[in-house]
Every structure is written in C-alpha cells, then in structure tokens.
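Peer 1: Okay, so here is protein.cif, and as you'll see once you scroll down, it has mmCIF, C-alpha atoms.
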data_my_file
loop_
_atom_site.label_atom_id
_atom_site.label_comp_id
_atom_site.auth_asym_id
_atom_site.auth_seq_id
_atom_site.Cartn_x
_atom_site.Cartn_y
_atom_site.Cartn_z
CA MET A 1 -2.15 1.38 33.56
CA ASP A 2 1.60 1.47 33.15
CA ASN A 3 2.77 5.06 33.06
CA ASP A 4 5.92 4.09 31.24
CA ILE A 5 4.18 3.06 28.05
CA ILE A 6 2.73 5.82 25.92
CA LYS A 7 0.49 4.88 23.02
CA VAL A 8 0.54 7.06 19.92
CA LYS A 9 -2.61 6.87 17.83
CA ILE A 10 -2.97 7.59 14.16
CA ALA A 11 -2.24 11.24 13.30
CA ASP A 12 -0.79 11.63 16.77
CA LEU A 13 2.60 12.04 18.43
CA ALA A 14 4.21 11.88 21.85
CA VAL A 15 7.54 12.86 23.38
CA LYS A 16 9.12 11.46 26.51
CA ARG A 17 12.21 11.51 28.67
CA GLU A 18 13.66 8.13 29.74
CA PRO A 19 12.63 5.57 30.92
CA GLY A 20 9.77 3.89 29.11
CA ILE A 21 8.43 3.00 25.72
CA ILE A 22 6.48 4.93 23.12
CA VAL A 23 4.49 2.66 20.84
CA THR A 24 2.34 3.04 17.75
CA ILE A 25 0.47 0.12 16.25
CA GLY A 26 -0.80 -0.74 12.81
CA LEU A 27 1.33 1.35 10.47
CA GLY A 28 0.14 0.56 6.96
CA SER A 29 0.69 3.30 4.43
CA CYS A 30 1.24 5.58 7.42
CA VAL A 31 4.80 6.25 8.55
CA GLY A 32 6.14 6.17 12.08
CA ILE A 33 8.97 8.58 12.82
CA ALA A 34 11.09 8.12 15.93
CA LEU A 35 13.36 11.01 16.86
CA TYR A 36 15.93 10.47 19.58
CA ASP A 37 18.44 12.55 21.50
CA PRO A 38 20.90 9.96 22.88
CA VAL A 39 22.70 12.49 25.09
CA ASN A 40 19.66 13.65 27.02
CA ARG A 41 17.77 10.39 26.46
CA ILE A 42 14.65 12.04 25.16
CA GLY A 43 12.58 10.49 22.42
CA GLY A 44 9.55 11.23 20.31
CA LEU A 45 7.33 9.13 18.09
CA ALA A 46 4.90 10.37 15.45
CA HIS A 47 2.36 8.43 13.35
CA ILE A 48 1.60 10.40 10.21
CA LEU A 49 -1.23 9.61 7.80
CA LEU A 50 -0.39 11.84 4.85
CA SER A 51 2.63 13.51 3.31
CA ASP A 52 1.78 17.11 2.76
CA SER A 53 -0.37 19.57 4.69
CA ALA A 54 -0.25 22.23 1.97
CA GLN A 55 -3.19 20.96 -0.05
CA PHE A 56 -5.41 20.95 3.02
CA ARG A 57 -4.73 24.46 4.20
CA GLY A 58 -7.23 27.28 3.90
CA ARG A 59 -10.28 25.05 4.06
CA GLY A 60 -11.57 26.67 7.18
CA THR A 61 -10.52 23.83 9.41
CA SER A 62 -7.53 23.96 11.66
CA ILE A 63 -4.84 21.45 10.87
CA ASN A 64 -3.82 18.61 13.12
CA LYS A 65 -0.05 18.96 12.84
CA ALA A 66 0.56 15.34 13.76
CA LYS A 67 -1.31 14.15 10.68
CA PHE A 68 1.19 15.24 8.02
CA ALA A 69 4.89 14.52 7.50
CA ASP A 70 5.82 18.13 6.81
CA THR A 71 4.20 19.47 9.98
CA ALA A 72 4.52 16.57 12.44
CA ILE A 73 8.32 16.26 12.42
CA PRO A 74 9.16 19.93 13.10
CA PHE A 75 6.41 20.08 15.73
CA MET A 76 7.71 16.96 17.47
CA ALA A 77 11.28 18.31 17.39
CA ARG A 78 10.11 21.48 19.17
CA GLU A 79 8.18 19.46 21.75
CA MET A 80 11.33 17.44 22.47
CA GLU A 81 13.37 20.61 22.85
CA ARG A 82 10.81 21.93 25.31
CA ILE A 83 11.54 19.02 27.64
CA GLY A 84 15.30 19.42 27.35
CA ALA A 85 16.43 17.71 24.14
CA ARG A 86 18.99 19.39 21.89
CA ARG A 87 18.47 19.35 18.16
CA GLN A 88 22.12 18.78 17.22
CA HIS A 89 21.93 15.33 18.83
CA PHE A 90 18.78 14.22 17.01
CA LEU A 91 18.76 11.06 15.00
CA ALA A 92 15.80 9.43 13.30
CA LYS A 93 14.44 5.96 12.66
CA ILE A 94 11.47 5.46 10.40
CA ALA A 95 9.09 2.62 9.56
CA GLY A 96 5.93 1.99 7.56
CA GLY A 97 4.85 3.38 4.21
CA SER A 98 3.79 0.03 2.88
CA LYS A 99 1.41 -0.78 0.06
CA LEU A 100 -1.16 -3.13 1.56
CA PHE A 101 -3.45 -3.13 -1.44
CA PRO A 102 -1.26 -4.04 -4.40
CA ASN A 103 -3.30 -2.71 -7.30
CA ASN A 104 -3.80 0.85 -6.23
CA ASN A 105 -2.17 3.22 -8.66
CA ILE A 106 -1.15 5.87 -6.25
CA SER A 107 1.01 4.69 -3.43
CA VAL A 108 0.22 6.83 -0.44
CA GLY A 109 2.89 4.92 1.45
CA GLU A 110 5.64 5.79 -0.99
CA LYS A 111 4.67 9.44 -0.96
CA ASN A 112 4.64 9.43 2.81
CA VAL A 113 8.13 7.92 3.02
CA GLU A 114 9.48 10.42 0.48
CA ALA A 115 7.99 13.32 2.42
CA VAL A 116 9.41 12.07 5.72
CA ILE A 117 12.90 11.65 4.27
CA ARG A 118 12.72 15.09 2.63
CA THR A 119 11.56 16.77 5.83
CA LEU A 120 14.27 15.11 7.93
CA LYS A 121 16.89 16.13 5.36
CA GLU A 122 15.68 19.74 5.42
CA MET A 123 15.97 19.71 9.19
CA GLY A 124 19.47 18.20 9.04
CA ILE A 125 18.49 15.09 11.00
CA ALA A 126 20.28 11.87 10.03
CA ILE A 127 18.29 8.68 9.49
CA ARG A 128 19.92 5.88 11.47
CA GLY A 129 17.54 3.10 10.61
CA GLN A 130 14.57 2.42 8.41
CA ASP A 131 12.14 -0.35 7.63
CA VAL A 132 9.81 0.96 4.94
CA GLY A 133 7.78 -0.22 1.97
CA GLY A 134 6.69 -3.78 1.36
CA ASN A 135 3.09 -4.94 1.56
CA TYR A 136 2.58 -5.51 5.26
CA GLY A 137 1.71 -3.57 8.39
CA ARG A 138 4.04 -2.74 11.25
CA THR A 139 4.00 -1.86 14.91
CA MET A 140 6.81 0.38 16.12
CA ARG A 141 8.21 0.66 19.65
CA LEU A 142 10.75 3.26 20.73
CA PHE A 143 12.69 2.44 23.91
CA VAL A 144 13.44 5.86 25.34
CA ASP A 145 16.35 4.79 27.55
CA SER A 146 18.40 3.44 24.63
CA GLY A 147 16.88 4.77 21.42
CA LYS A 148 16.32 1.22 20.27
CA VAL A 149 13.37 0.78 17.91
CA LEU A 150 11.61 -2.55 17.57
CA ILE A 151 9.39 -3.32 14.57
CA SER A 152 6.87 -6.13 14.80
CA THR A 153 4.64 -7.53 12.08
CA VAL A 154 1.99 -10.15 11.47
CA GLY A 155 3.84 -13.26 10.36
CA LYS A 156 7.00 -11.47 9.27
CA GLY A 157 8.82 -11.46 12.56
CA GLU A 158 10.51 -8.70 14.51
CA LYS A 159 13.27 -6.38 13.51
CA GLU A 160 15.46 -4.02 15.50
CA LEU A 161 16.44 -0.63 14.13
CA MET B 1 -16.89 21.92 -0.85
CA LYS B 2 -16.85 21.10 2.78
CA ALA B 3 -19.83 19.17 4.03
CA LYS B 4 -21.36 20.12 7.32
CA ILE B 5 -22.38 16.82 8.72
CA ASP B 6 -25.41 16.88 10.97
CA ASP B 7 -27.72 14.31 12.52
CA ASN B 8 -30.13 14.57 9.65
CA MET B 9 -27.40 13.65 7.22
CA LEU B 10 -26.32 10.73 9.37
CA ASP B 11 -29.91 9.46 9.40
CA VAL B 12 -30.11 9.50 5.63
CA LEU B 13 -26.75 7.74 5.38
CA LYS B 14 -27.90 5.16 7.87
CA GLU B 15 -31.01 4.49 5.83
CA LEU B 16 -28.96 4.11 2.67
CA ALA B 17 -26.63 1.74 4.48
CA ASN B 18 -29.58 -0.23 5.78
CA ILE B 19 -30.93 -0.87 2.31
CA GLY B 20 -27.51 -1.51 0.84
CA VAL B 21 -26.40 -3.89 3.51
CA GLY B 22 -29.77 -5.67 3.49
CA ASN B 23 -29.23 -6.41 -0.17
CA ALA B 24 -25.67 -7.49 0.42
CA VAL B 25 -26.64 -9.87 3.17
CA THR B 26 -29.31 -11.43 0.97
CA SER B 27 -26.62 -12.12 -1.62
CA LEU B 28 -24.37 -13.65 0.98
CA SER B 29 -27.19 -15.80 2.26
CA GLN B 30 -27.79 -17.08 -1.25
CA MET B 31 -24.12 -17.87 -1.67
CA LEU B 32 -24.07 -19.82 1.54
CA GLY B 33 -27.24 -21.68 0.61
CA GLU B 34 -30.33 -20.37 2.35
CA GLU B 35 -28.62 -19.94 5.62
CA ARG B 36 -30.01 -17.48 8.08
CA ILE B 37 -27.70 -14.51 8.52
CA ASN B 38 -28.08 -12.04 11.33
CA MET B 39 -27.43 -8.44 10.54
CA ASP B 40 -27.31 -5.52 12.90
CA VAL B 41 -28.94 -2.30 11.92
CA PRO B 42 -26.14 -0.21 10.43
CA VAL B 43 -24.74 2.44 12.68
CA ALA B 44 -23.83 5.79 11.18
CA THR B 45 -21.44 7.75 13.31
CA LEU B 46 -19.11 10.65 13.12
CA ILE B 47 -16.00 9.52 14.93
CA PRO B 48 -12.55 10.93 15.48
CA LEU B 49 -10.10 9.71 12.87
CA GLN B 50 -7.76 8.61 15.63
CA ASP B 51 -10.25 6.12 17.02
CA VAL B 52 -10.96 4.31 13.77
CA PRO B 53 -8.04 1.84 13.86
CA ASP B 54 -9.15 0.65 17.29
CA LEU B 55 -12.65 -0.29 16.15
CA LEU B 56 -11.70 -3.89 15.59
CA GLY B 57 -10.19 -4.84 18.88
CA GLY B 58 -6.96 -2.98 19.30
CA GLY B 59 -5.51 -2.35 15.88
CA GLU B 60 -2.85 -5.03 16.06
CA VAL B 61 -5.17 -7.99 15.58
CA ALA B 62 -4.66 -9.80 12.27
CA VAL B 63 -7.73 -9.67 10.04
CA ALA B 64 -8.69 -10.20 6.42
CA GLY B 65 -9.89 -7.05 4.73
CA VAL B 66 -11.39 -6.63 1.27
CA TYR B 67 -11.08 -3.07 0.06
CA ILE B 68 -13.15 -1.48 -2.68
CA LYS B 69 -13.10 2.11 -3.75
CA SER B 70 -16.06 3.49 -5.59
CA THR B 71 -16.02 6.70 -7.57
CA GLY B 72 -18.64 8.45 -9.66
CA ASP B 73 -21.25 10.73 -8.13
CA MET B 74 -20.01 9.90 -4.66
CA ASP B 75 -16.64 8.64 -3.53
CA LEU B 76 -16.94 5.77 -1.11
CA THR B 77 -14.53 3.32 0.38
CA ILE B 78 -15.95 -0.01 1.39
CA LEU B 79 -14.12 -2.42 3.64
CA PHE B 80 -15.36 -5.90 4.39
CA VAL B 81 -13.40 -7.12 7.39
CA LEU B 82 -13.34 -10.61 8.86
CA SER B 83 -11.42 -12.19 11.68
CA LEU B 84 -9.04 -14.87 10.43
CA ASP B 85 -11.25 -17.58 11.95
CA SER B 86 -14.30 -16.21 10.19
CA ALA B 87 -12.39 -15.92 6.92
CA ALA B 88 -11.39 -19.57 7.19
CA ASN B 89 -14.98 -20.59 7.94
CA LEU B 90 -16.26 -18.58 5.00
CA ILE B 91 -13.75 -20.20 2.65
CA LYS B 92 -14.69 -23.65 3.91
CA SER B 93 -18.39 -22.90 3.45
CA LEU B 94 -18.03 -21.84 -0.14
CA LEU B 95 -15.26 -24.16 -1.22
CA PRO B 96 -16.15 -27.68 -0.17
CA GLY B 97 -13.08 -29.67 0.69
CA ALA B 98 -10.90 -26.61 1.28
CA ASN B 99 -9.02 -26.38 4.55
CA GLY B 100 -9.80 -22.71 4.89
CA GLU B 101 -6.29 -21.52 4.28
CA MET B 102 -5.52 -18.20 2.72
CA ASP B 103 -3.99 -19.74 -0.40
CA GLU B 104 -4.77 -18.65 -3.95
CA MET B 105 -8.20 -20.30 -3.96
CA GLY B 106 -8.99 -19.11 -0.48
CA THR B 107 -8.10 -15.51 -1.17
CA SER B 108 -10.04 -15.47 -4.42
CA VAL B 109 -13.11 -16.68 -2.52
CA LEU B 110 -12.77 -13.80 -0.06
CA VAL B 111 -12.25 -11.28 -2.84
CA GLU B 112 -15.31 -12.61 -4.65
CA VAL B 113 -17.48 -12.44 -1.55
CA GLY B 114 -16.30 -8.87 -1.01
CA ASN B 115 -17.12 -8.15 -4.61
CA ILE B 116 -20.66 -9.53 -4.41
CA LEU B 117 -21.42 -7.84 -1.08
CA THR B 118 -20.18 -4.53 -2.37
CA ALA B 119 -21.92 -4.79 -5.72
CA SER B 120 -25.26 -5.53 -3.99
CA TYR B 121 -24.71 -2.64 -1.62
CA LEU B 122 -23.81 -0.22 -4.37
CA ASN B 123 -26.66 -1.36 -6.61
CA ALA B 124 -29.18 -0.62 -3.89
CA LEU B 125 -27.62 2.75 -3.20
CA SER B 126 -27.44 3.59 -6.86
CA MET B 127 -31.07 2.64 -7.53
CA MET B 128 -32.50 4.40 -4.52
CA ALA B 129 -30.51 7.57 -4.67
CA ASP B 130 -30.09 7.64 -8.42
CA LEU B 131 -26.34 7.94 -8.09
CA ARG B 132 -23.81 6.72 -10.59
CA LEU B 133 -21.27 4.61 -8.71
CA LEU B 134 -18.21 3.04 -10.27
CA PRO B 135 -16.52 0.46 -8.05
CA SER B 136 -12.90 -0.54 -8.55
CA PRO B 137 -11.87 -4.21 -8.47
CA PRO B 138 -11.69 -5.48 -4.88
CA GLN B 139 -8.37 -6.06 -3.19
CA LEU B 140 -7.52 -8.23 -0.25
CA ALA B 141 -5.05 -7.67 2.53
CA VAL B 142 -4.43 -9.93 5.50
CA ASP B 143 -2.75 -7.84 8.16
CA MET B 144 -3.15 -5.78 11.33
CA SER B 145 -6.64 -4.30 11.44
CA GLY B 146 -5.26 -0.85 12.24
CA ALA B 147 -2.97 -0.94 9.23
CA ILE B 148 -5.79 -2.00 6.92
CA ILE B 149 -8.27 0.62 8.11
CA SER B 150 -5.77 3.46 8.24
CA THR B 151 -4.45 2.64 4.79
CA ALA B 152 -7.99 2.69 3.40
CA MET B 153 -8.45 6.11 4.99
CA ALA B 154 -5.14 7.44 3.72
CA GLU B 155 -5.95 6.31 0.19
CA ASN B 156 -8.84 8.74 0.36
CA TYR B 157 -6.74 11.64 1.52
CA LEU B 158 -9.10 12.24 4.39
CA ILE B 159 -9.11 15.89 5.23
CA GLN B 160 -11.27 16.15 8.28
CA ASP B 161 -10.26 14.93 11.69
CA GLU B 162 -13.61 13.25 12.08
CA VAL B 163 -14.86 10.65 9.68
CA VAL B 164 -18.33 9.45 8.82
CA LEU B 165 -18.42 5.75 9.31
CA LEU B 166 -21.18 3.30 8.57
CA ARG B 167 -20.73 -0.01 10.25
CA THR B 168 -22.70 -3.22 10.10
CA THR B 169 -21.87 -6.46 11.74
CA LEU B 170 -23.21 -9.70 10.40
CA SER B 171 -22.99 -13.19 11.70
CA THR B 172 -24.04 -16.69 10.77
CA GLN B 173 -24.85 -19.11 13.52
CA GLU B 174 -24.02 -22.41 11.93
CA ARG B 175 -20.72 -21.53 10.31
CA ARG B 176 -19.50 -18.98 12.77
CA ILE B 177 -18.75 -16.18 10.41
CA ASP B 178 -18.63 -12.68 11.87
CA GLY B 179 -18.02 -9.83 9.53
CA ASN B 180 -17.91 -6.07 9.56
CA ILE B 181 -18.80 -3.85 6.67
CA PHE B 182 -17.34 -0.37 6.96
CA ILE B 183 -18.34 2.35 4.60
CA LEU B 184 -16.31 5.52 4.55
CA PRO B 185 -17.87 8.21 2.41
CA ASP B 186 -15.40 10.80 1.27
CA SER B 187 -16.35 13.84 3.32
CA ASP B 188 -15.53 16.10 0.41
CA THR B 189 -18.20 14.55 -1.76
CA LEU B 190 -20.83 14.20 0.96
CA GLY B 191 -22.08 17.73 0.48
CA LYS B 192 -22.37 17.19 -3.24
CA THR B 193 -24.24 13.98 -2.68
CA PHE B 194 -26.73 15.55 -0.35
CA THR B 195 -27.42 18.26 -2.87
CA LEU B 196 -28.28 15.49 -5.32
CA LEU B 197 -30.34 13.53 -2.82
CA LEU B 198 -32.27 16.24 -1.10
CA GLY B 199 -32.32 18.86 -3.79
CA SER B 200 -30.75 21.50 -1.59
CA GLY B 201 -27.35 22.51 -0.41
#
Would you write the structure of this file as structure tokens?

Peer 2:
Amino acid sequence: MDNDIIKVKIADLAVKREPGIIVTIGLGSCVGIALYDPVNRIGGLAHILLSDSAQFRGRGTSINKAKFADTAIPFMAREMERIGARRQHFLAKIAGGSKLFPNNNISVGEKNVEAVIRTLKEMGIAIRGQDVGGNYGRTMRLFVDSGKVLISTVGKGEKEL
Amino acid sequence: MKAKIDDNMLDVLKELANIGVGNAVTSLSQMLGEERINMDVPVATLIPLQDVPDLLGGGEVAVAGVYIKSTGDMDLTILFVLSLDSAANLIKSLLPGANGEMDEMGTSVLVEVGNILTASYLNALSMMADLRLLPSPPQLAVDMSGAIISTAMAENYLIQDEVVLLRTTLSTQERRIDGNIFILPDSDTLGKTFTLLLGSG
C-alpha cells in the first residue's frame, strides 16, 4: 500500500504534511472540506455527513466529531495545528452537497453546504474554491504539496479547484 | 428512544427481510416471465457507518440506485441497487426492442421495478408485523455507489455510528441481472417497532 495516499471514509477526516494525497470518494449530499496551509504545506480533508451536531447531543452516545460540519472543521483545524500548521494561513476548498434524489423535500446537501460555509466564516477561513450542489456525486483529492484539489465525477468530467 | 440492538433483534429483522424479499423476488420473477431467480438469504448486520459506502465494490463504481423512503409505524429506507450492466439487462428484459440505455423509458422501467419490489416487500412486512407503512414514490439516481448509499443514510439523519443493514443479493442466470436490496431501518424507530412486534420494550 502506498503510504502517500490517505483515504478518508464517510464521517472521517485526516491531516497530513506534504507530500502525498488525501482522497475521499463518493460525496453525495455529504460535503468534503479541504483545509490547507500553503506556507507549511499541511493539509486536511474531512467528509461530513450532516450539518449540525447539536440535535444529536445528550443522547447518551458520544459524538463522532468528523460526522458533522460544526464539529469536524474546528477539530480538523486543531489536528493540523498539532502537526505544525498555522491557522492564519488556512484556506478552504469545498465540494459535494448535491441532491441525488430530485424529489426529496429536504435537501440535506444544501443544509450541509450552508453549515460548512457558516462554520468556515465563523473561524475566519477563506473559501478559495468550491464545487457544490447539482445532482451528481463527487470524489475529492487534495494534493498536499500544492493545495490543489481535483474533483472527479461519473460522466461529468474532472475539475480543478 | 434509543434502541439497543442485540442479536435477537437482528434475527427478527432478518426473518422479516426474508419474507419481504421472498415476496419481492416472486414479483420480479413474474415480471420477467417465469424466470428462475436466485436469492440469497438476507443478511442482517450491524455495521459501522463508515463501511457502508464500500459495500458495493469501492464506493466510486457507477451504479443505478432506486431509493424509497417509508414512514408510518417504522421508518425504513429501501435501496435497490444494480450495476449498470445489470440495469441495462433488466431494461432489455422488460422492454423488448430497447437498447438498455438509461433514457426516459429505461429509467422509468428501473423506477417501476424498484416500486414493485419495494411494495411487495413492504406488504409482506406490513401483513406479518401488523405495521402501517407508507412508502414515498421511488427515485432513481445513477452515480457513484458511495454517493448513493451515503445520501440515503444522510436523508435519514442517522444518529448512531453503527447502522442496521439488511442486504439481499439476487441474480438471474439467463439475463445476467445482479441486484442488491438494502434496507436501512431508522435506528430511532427500531425500539418502537420492537415494542409493537414483541409486546415489550
């Protein structure tokens, strides 16, 4: 197995110093958040499932921070700082939040994107690129040496953020 | 209410799935014209949420998925997932002369098959367990399997980090159709359902 490729599952996150790639596949209504410190060349990628952890607190189960927008992003930022990143350099690229099933009334994807943008704003992190919404799934790759993010789809080509 | 899911519960779910899927496969067999359809015994498992998108070969594989949400006494999500080859073969089987493409006719065939399979499944479940189940109209997505499964989970606001999953695979020899039926019961309503079924909390 190639040590330079880290796979992030659903409700999961990973941080890494250059070189290498962090990848998460099959973002539907989920949102992928890439944070990057271009000075120290440290990146992080999170794959969140839901927007808000608040409604799930106090149910007697511990919360997986990587599952929710409002908890995953601050947690990932701290993990990046622990390996030497500095918050003032952080920039973000986001992808996902689509609506695969067109007739559903509530769009989980939309709510997820809103929550991610709100959380990043609260943390003072600028969004440098986004590919969100639509009705198709995405795979997201963060290249930790450059901060480049590559989005691939089924039948809709590739896009660089 | 938070359900404590144990082996006993999984056994009951498995039995329900068995009957439901048996019915569904009979319907499919009738649609395809008396063809023999092989069905695996449904597997009921409690698996980590994170592993679900990988169940269909890596998460990035393109598949056709019909999604149905059922509410009522028990909230269930049902996904009927086919590889693109199988979807094409299914369309060709039911639509003589079609080339198997995912055009308007093709997609409506898949949606209808999903509808019939799900209705048979839910009817069996409803009769046996005396549950009122109200399915929503089916919806089709052709995309990465991981995206389809995770979106279906997110639509249910899954709380737990482990999900109950009932899975059946079915296959036809002659027409080479392999399908997966996934049933995701909402863990929040499982406890309620078992109170109804077994008469105890």

Peer 1: Considering all atoms listed in the file, extract the chain B residues located within 8 Å of chain A and return them as a ChimeraX atom specification.

Peer 2: /B:2,49-51,53,59-60,62,67,139-141,143-148,150-151,154-155,157,159-161

Peer 1: List as a PDB file with C-alpha atoms, in the frame of the given file the protein and nucleic acid residues near stretch 123-130 of chain B, meaning an atom at most 7 Å away when all atoms listed in the file are counted, but skip any in the same chain fewer than 3 places from it.

Peer 2:
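File result18.pdb, as written:
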ATOM      1  CA  LEU B  16     -28.960   4.110   2.670  1.00  0.00           C
ATOM      2  CA  ILE B  19     -30.930  -0.870   2.310  1.00  0.00           C
ATOM      3  CA  GLY B  20     -27.510  -1.510   0.840  1.00  0.00           C
ATOM      4  CA  ASN B  23     -29.230  -6.410  -0.170  1.00  0.00           C
ATOM      5  CA  ALA B 119     -21.920  -4.790  -5.720  1.00  0.00           C
ATOM      6  CA  SER B 120     -25.260  -5.530  -3.990  1.00  0.00           C
ATOM      7  CA  LEU B 133     -21.270   4.610  -8.710  1.00  0.00           C
ATOM      8  CA  LEU B 197     -30.340  13.530  -2.820  1.00  0.00           C
TER       9      LEU B 197
END

Peer 1: Mind pulling up the distance from atom CA of B:Val109 to atom CA of B:Ala88?

Peer 2: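 Computed distance, atom CA of B:Ala88 to atom CA of B:Val109, equals 10.3 Å.
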
Peer 1: Please, what distance in Å, to one decimal, runs between atom CA of B:Asp54 and atom CA of A:Leu150?

Peer 2: 21.0 Å

Peer 1: Just how far from atom CA of B:Gly179 is atom CA of B:Arg36, in Å to one decimal?

Peer 2: 14.3 Å

Peer 1: Which residues would end up in the selection if the PyMOL selection byres ((chain A and resi 72-77) around 8) were applied here, given that I need the answer as a PyMOL selection string?

Peer 2: chain A and resi 13-15+33+35+44-46+48+65-71+78-81+87+116+119-120+123

Peer 1: Could you list, as a list in words, every residue matched by the PyMOL selection byres ((chain A and resi 129) around 7) in this structure?

Peer 2: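 Applied to this file, the PyMOL selection byres ((chain A and resi 129) around 7) returns Lys93, Ile94, Ile127, Arg128, Gln130 and Leu161 of chain A.
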
Peer 1: Applied to the shown file, which residues does the PyMOL selection byres ((chain A and resi 140-142) around 6) return, written as JSON, numbers by chain?

Peer 2: {"A": [21, 22, 23, 24, 139, 143, 144, 148, 149, 150, 151]}

Peer 1: Can you pull out the residues contacting B:Ile47? Cut-off 10 Å, using all atoms listed in the file, and skip same-chain residues under 6 positions away; I want them as a list of chain:residue names.

Peer 2: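 Here the qualifying residues turn out to be B:Asp161, B:Glu162, B:Val163, B:Val164, B:Leu165.
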
Peer 1: In terms of the shortest atom-to-atom distance over all atoms listed in the file, which of A:Val132, A:Ala115, A:Ala85, A:Ala126 is closest to A:Asp52?

Peer 2: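 Using all atoms listed in the file, the shortest distance to A:Asp52 belongs to A:Ala115.
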
Peer 1: Could you model N, CA and C atoms for stretch 1-17 of chain A and present them as a PDB file, in the coordinates of the input?

Peer 2:
ATOM      1  N   MET A   1      -2.857   1.136  34.810  1.00  0.00           N
ATOM      2  CA  MET A   1      -2.150   1.380  33.560  1.00  0.00           C
ATOM      3  C   MET A   1      -0.697   1.755  33.830  1.00  0.00           C
ATOM      4  N   ASP A   2       0.174   1.214  32.995  1.00  0.00           N
ATOM      5  CA  ASP A   2       1.600   1.470  33.150  1.00  0.00           C
ATOM      6  C   ASP A   2       1.946   2.846  32.600  1.00  0.00           C
ATOM      7  N   ASN A   3       2.444   3.699  33.473  1.00  0.00           N
ATOM      8  CA  ASN A   3       2.770   5.060  33.060  1.00  0.00           C
ATOM      9  C   ASN A   3       3.947   5.124  32.112  1.00  0.00           C
ATOM     10  N   ASP A   4       4.716   4.050  32.054  1.00  0.00           N
ATOM     11  CA  ASP A   4       5.920   4.090  31.240  1.00  0.00           C
ATOM     12  C   ASP A   4       5.705   3.668  29.801  1.00  0.00           C
ATOM     13  N   ILE A   5       4.463   3.364  29.451  1.00  0.00           N
ATOM     14  CA  ILE A   5       4.180   3.060  28.050  1.00  0.00           C
ATOM     15  C   ILE A   5       3.185   4.104  27.531  1.00  0.00           C
ATOM     16  N   ILE A   6       3.618   4.828  26.515  1.00  0.00           N
ATOM     17  CA  ILE A   6       2.730   5.820  25.920  1.00  0.00           C
ATOM     18  C   ILE A   6       2.308   5.297  24.556  1.00  0.00           C
ATOM     19  N   LYS A   7       0.998   5.350  24.291  1.00  0.00           N
ATOM     20  CA  LYS A   7       0.490   4.880  23.020  1.00  0.00           C
ATOM     21  C   LYS A   7       0.211   6.066  22.107  1.00  0.00           C
ATOM     22  N   VAL A   8       0.769   6.009  20.915  1.00  0.00           N
ATOM     23  CA  VAL A   8       0.540   7.060  19.920  1.00  0.00           C
ATOM     24  C   VAL A   8      -0.479   6.544  18.926  1.00  0.00           C
ATOM     25  N   LYS A   9      -1.585   7.290  18.778  1.00  0.00           N
ATOM     26  CA  LYS A   9      -2.610   6.870  17.830  1.00  0.00           C
ATOM     27  C   LYS A   9      -2.258   7.349  16.427  1.00  0.00           C
ATOM     28  N   ILE A  10      -3.185   7.118  15.523  1.00  0.00           N
ATOM     29  CA  ILE A  10      -2.970   7.590  14.160  1.00  0.00           C
ATOM     30  C   ILE A  10      -3.099   9.123  14.155  1.00  0.00           C
ATOM     31  N   ALA A  11      -2.256   9.775  13.361  1.00  0.00           N
ATOM     32  CA  ALA A  11      -2.240  11.240  13.300  1.00  0.00           C
ATOM     33  C   ALA A  11      -2.021  11.823  14.706  1.00  0.00           C
ATOM     34  N   ASP A  12      -1.028  11.294  15.369  1.00  0.00           N
ATOM     35  CA  ASP A  12      -0.790  11.630  16.770  1.00  0.00           C
ATOM     36  C   ASP A  12       0.726  11.560  17.004  1.00  0.00           C
ATOM     37  N   LEU A  13       1.194  12.173  18.074  1.00  0.00           N
ATOM     38  CA  LEU A  13       2.600  12.040  18.430  1.00  0.00           C
ATOM     39  C   LEU A  13       2.773  12.206  19.929  1.00  0.00           C
ATOM     40  N   ALA A  14       3.911  11.732  20.429  1.00  0.00           N
ATOM     41  CA  ALA A  14       4.210  11.880  21.850  1.00  0.00           C
ATOM     42  C   ALA A  14       5.719  12.012  22.024  1.00  0.00           C
ATOM     43  N   VAL A  15       6.120  12.753  23.061  1.00  0.00           N
ATOM     44  CA  VAL A  15       7.540  12.860  23.380  1.00  0.00           C
ATOM     45  C   VAL A  15       7.723  12.464  24.847  1.00  0.00           C
ATOM     46  N   LYS A  16       8.922  12.001  25.169  1.00  0.00           N
ATOM     47  CA  LYS A  16       9.120  11.460  26.510  1.00  0.00           C
ATOM     48  C   LYS A  16      10.611  11.440  26.870  1.00  0.00           C
ATOM     49  N   ARG A  17      10.873  11.695  28.132  1.00  0.00           N
ATOM     50  CA  ARG A  17      12.210  11.510  28.670  1.00  0.00           C
ATOM     51  C   ARG A  17      12.298  10.074  29.197  1.00  0.00           C
TER      52      ARG A  17
END
